[in-house]
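Single-structure report; data block below.
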Amino acid sequence: MRKNISEKINILIMLSPWIITFLLFWLYPLINAGYLSLTNYNTLLNSTEFIGLDNYKKILNDEVFWIALKNTTIFTVGTVPITTALAIILAVMLNSKLTRFQSIFRATYFMPTITSLVVISLIFTNLYSKDGYINLLLKISGLPYPEKGWLLDTSTSLISIMIMDVWISTGYYMVLVLAGLQTIPKDYYESAKLMGTSSLKQFFSITLPLLKPTLIFILVINTIKSFQVFIEIFIMTKGGPLNSTMTIVYYIFQNAFEKSDMMGYASALAFILFFVLLILSYIQIKILKEKD
């Protein structure tokens with residue numbers, strides 16, 4: 001019994017850094033944010049007034065929130081499938097045809113992921129500007145282009161950021177898929193070849209089913225990341241023009257740090273986002289596991 005107690009104490013000691021971090025930086029902020037969402041908290045005056053569910057009722061009638069939710073949903077639906085598909089295609093190519101140069105190409109595709117997102121956002125802001133290289137090339141080619149710039153046109157601003165996000169994220173998810181591909185035994189493919197199975201059928205019959213755990217992970221974390229898009233919006237558009245790139249996290253930021261009396265409302269928005277992501281993640285995992 002003493003030995004068991006001693007082992008449990010040692011386990012707790014070893015886990016204590018994680019437990020302390022969890023309590024201080026996850027559980028306490030979550031509980032505190034939940035309390036703040038039920039109050040009218042003024043950050044400048046440090047005054048708190050309990051108002052119950054009024055913040056949540058206000059969200060239902062907040063036009064900007066629904067615009068932000070729509071934009072965030074469009075951003076997620078428009079980037080996650082494309083990023084995942086490109087990651088699979090590139091990973092399969094690197095795993096089968098470019099073995100000699102695999103490390104070089106892997107590093108090349110992964111480079112945008114490890115580059116500062118602020119730096120990339122500033123570069124693309126210049127590329128998308130009125131006199132940027134993209135407009136210059138389109139003008140030379142005689143193709144139509146937004147005269148005000150891609151980020152100042154309500155019809156192109158959001159999709160421009162989406163294209164940039166796909167370019168940034170594909171390399172990271174490609175490496176994850178490549179790692180998953182390399183865990184698949186070669187025996188399956190050799191047996192399929194002996195049976196005369198085409199490469200395309202091998203991909204759908206062997207590769208995709210065995211990649212399912214990796215793909216579930218990618219879809220869940222990519223969805224969460226896309227719903228939390230912030231830095232690109234903050235650097236490139238500030239939610240404009242005319243809220244065409246307003247996203248939920250940027251709207252939370254605006255209410256929390258640009259308005260002194262809206263911290264409680266921002267906390268309520270954050271909790272709404274938390275539950276949306278929780279439900280979406282559960283649905284994704286449930287559907288994909290049921291198909292498995």
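We name chains A, B, ... following the order of the structure tokens; residues begin at 1 in each chain, and ligands are numbered from 1 as shown.
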With a cut-off of 9 Å, could you pull out the residues of range 115-183 of chain A touching range 212-219 of chain A and give me the nearest pair of atoms for each, distance in Å to one decimal, using only C-alpha atoms, ordered by chain and ascending number, as a tab-separated table?
```
residue	atom	partner	partner_atom	distance
A:Tyr173	CA	A:Ile218	CA	6.8
A:Leu176	CA	A:Thr214	CA	7.2
A:Val177	CA	A:Thr214	CA	6.6
A:Ala179	CA	A:Thr214	CA	8.8
A:Gly180	CA	A:Thr214	CA	6.3
```
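Every protein, DNA or RNA residue with an atom at most 12 Å from range 276-288 of chain A, where only C-alpha atoms count and chain neighbours fewer than 5 positions away do not, is listed here: Leu69, Thr72, Thr73, Thr76, Pro209, Leu211, Lys212, Pro213, Thr214, Leu215, Ile216, Phe217, Ile218, Leu219, Val220, Ile221, Asn222, Thr223, Ile224, Lys225, Ser226, Phe227, Gln228, Ile248, Leu269, Ala270 and Phe271 of chain A.
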- Name the residues in contact with range 25-38 of chain A at a cut-off of 9 Å, using only C-alpha atoms, excluding same-chain residues fewer than 2 positions from it; report them as a list of chain:residue names. A:Ile20, A:Thr21, A:Phe22, A:Leu23, A:Asn40, A:Tyr41, A:Thr48, A:Glu49, A:Phe50, A:Ile51, A:Gly52, A:Leu53, A:Asp54, A:Asn55, A:Tyr56, A:Met263, A:Gly264, A:Tyr265, A:Ala266, A:Ser267, A:Ala268, A:Leu269, A:Ala270, A:Phe271
- Task: Extract the full set of strand (DSSP E or B) residues from range 45-281 of chain A according to DSSP on the backbone, and format it as a VMD selection string.
- Result: chain A and resid 47 to 50
Would you mind exporting the chosen residues as a PDB file, in the first residue's frame, restricted to N, CA and C atoms?
```pdb
ATOM      1  N   SER A  47     -15.225  48.272 -12.792  1.00  0.00           N
ATOM      2  CA  SER A  47     -16.522  48.094 -12.134  1.00  0.00           C
ATOM      3  C   SER A  47     -17.280  46.953 -12.803  1.00  0.00           C
ATOM      4  N   THR A  48     -17.968  46.163 -12.007  1.00  0.00           N
ATOM      5  CA  THR A  48     -18.701  45.006 -12.511  1.00  0.00           C
ATOM      6  C   THR A  48     -20.162  45.078 -12.079  1.00  0.00           C
ATOM      7  N   GLU A  49     -21.058  44.920 -13.034  1.00  0.00           N
ATOM      8  CA  GLU A  49     -22.494  44.903 -12.751  1.00  0.00           C
ATOM      9  C   GLU A  49     -23.084  43.613 -13.310  1.00  0.00           C
ATOM     10  N   PHE A  50     -23.650  42.787 -12.443  1.00  0.00           N
ATOM     11  CA  PHE A  50     -24.222  41.511 -12.876  1.00  0.00           C
ATOM     12  C   PHE A  50     -25.518  41.763 -13.638  1.00  0.00           C
TER      13      PHE A  50
END
```
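Every protein, DNA or RNA residue with an atom at most 12 Å from Pro146 in chain A, where only C-alpha atoms count and chain neighbours fewer than 4 positions away do not, is listed here: Tyr128, Ser129, Lys130, Asp131, Gly132, Ile134, Asn135, Leu136, Leu138, Lys139, Trp150, Leu151, Leu152, Asp153, Thr154, Ser155, Thr156, Ser157 and Ser160 of chain A.
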- Item | DSSP alpha helix (DSSP H) residues within range 18-161 of chain A, listed as a ChimeraX atom specification | /A:18-22,28-36,54-60,63-96,102-114,117-127,133-141,157-161
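Taking only C-alpha atoms into account, Thr79 in chain A lies nearest to A:Ile163 out of the set A:Leu178, A:Ile163, A:Ile231, A:Ile168.
CA of Ala256 in chain A to CA of Val229 in chain A spans 16.4 Å [interatomic distance, one decimal].
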- Note on the structure: The residue from A:Tyr145, A:Glu63, A:Met162, A:Ser198 with the smallest atom-to-atom distance to Val77 in chain A, counting only C-alpha atoms, is A:Met162
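The smallest atom-to-atom distance between Ser199 in chain A and any of A:Leu117, A:Ile59, A:Leu158, A:Val92, using only C-alpha atoms, is found for A:Val92.
Our summary of the geometry notes that CA of Ile88 in chain A is positioned 16.1 Å from CA of Ala107 in chain A.
The closest residue to Ile82 in chain A, picked from A:Ser103, A:Thr125, A:Thr170, A:Ser16 and counting only C-alpha atoms, is A:Thr170.
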Which residues come within 8 Å of Gly171 in chain A, counting only C-alpha atoms, excluding same-chain residues fewer than 2 positions away, as a tab-separated table (two decimals) with N, CA, C and O atoms, in the first residue's frame?
```
chain	number	residue	atom	x	y	z
A	87	ALA	N	-3.07	19.25	-49.59
A	87	ALA	CA	-2.10	18.58	-48.71
A	87	ALA	C	-1.99	17.10	-49.06
A	87	ALA	O	-0.88	16.54	-49.10
A	106	ARG	N	9.82	19.08	-49.22
A	106	ARG	CA	9.07	19.14	-47.96
A	106	ARG	C	9.38	20.45	-47.23
A	106	ARG	O	8.49	21.13	-46.74
A	109	TYR	N	7.75	23.49	-49.18
A	109	TYR	CA	6.31	23.65	-48.96
A	109	TYR	C	6.01	24.04	-47.52
A	109	TYR	O	5.00	24.70	-47.24
A	110	PHE	N	6.87	23.63	-46.60
A	110	PHE	CA	6.64	23.90	-45.17
A	110	PHE	C	7.08	25.32	-44.79
A	110	PHE	O	6.67	25.84	-43.75
A	111	MET	N	7.89	25.97	-45.62
A	111	MET	CA	8.45	27.28	-45.30
A	111	MET	C	7.41	28.34	-44.93
A	111	MET	O	7.59	29.08	-43.95
A	112	PRO	N	6.30	28.47	-45.68
A	112	PRO	CA	5.30	29.50	-45.28
A	112	PRO	C	4.75	29.29	-43.87
A	112	PRO	O	4.38	30.26	-43.20
A	113	THR	N	4.69	28.05	-43.42
A	113	THR	CA	4.12	27.75	-42.11
A	113	THR	C	4.99	28.28	-40.98
A	113	THR	O	4.48	28.74	-39.95
A	167	TRP	N	-2.46	29.02	-49.06
A	167	TRP	CA	-1.02	28.96	-49.40
A	167	TRP	C	-0.16	28.74	-48.15
A	167	TRP	O	0.81	27.98	-48.18
A	168	ILE	N	-0.54	29.40	-47.06
A	168	ILE	CA	0.24	29.28	-45.82
A	168	ILE	C	0.09	27.90	-45.20
A	168	ILE	O	1.06	27.28	-44.76
A	169	SER	N	-1.15	27.40	-45.14
A	169	SER	CA	-1.46	26.21	-44.34
A	169	SER	C	-1.17	24.88	-45.03
A	169	SER	O	-0.95	23.87	-44.36
A	173	TYR	N	-0.10	20.85	-43.24
A	173	TYR	CA	-0.96	19.66	-43.30
A	173	TYR	C	-0.39	18.61	-44.25
A	173	TYR	O	-0.62	17.42	-44.06
A	174	MET	N	0.37	19.06	-45.25
A	174	MET	CA	1.04	18.12	-46.15
A	174	MET	C	2.03	17.25	-45.37
A	174	MET	O	2.11	16.03	-45.59
A	175	VAL	N	2.77	17.87	-44.46
A	175	VAL	CA	3.73	17.11	-43.65
A	175	VAL	C	3.02	16.10	-42.77
A	175	VAL	O	3.48	14.96	-42.59
```
- Report the distance between CA of Gly149 in chain A and CA of Tyr133 in chain A in Å, rounded to one decimal place. 10.8 Å
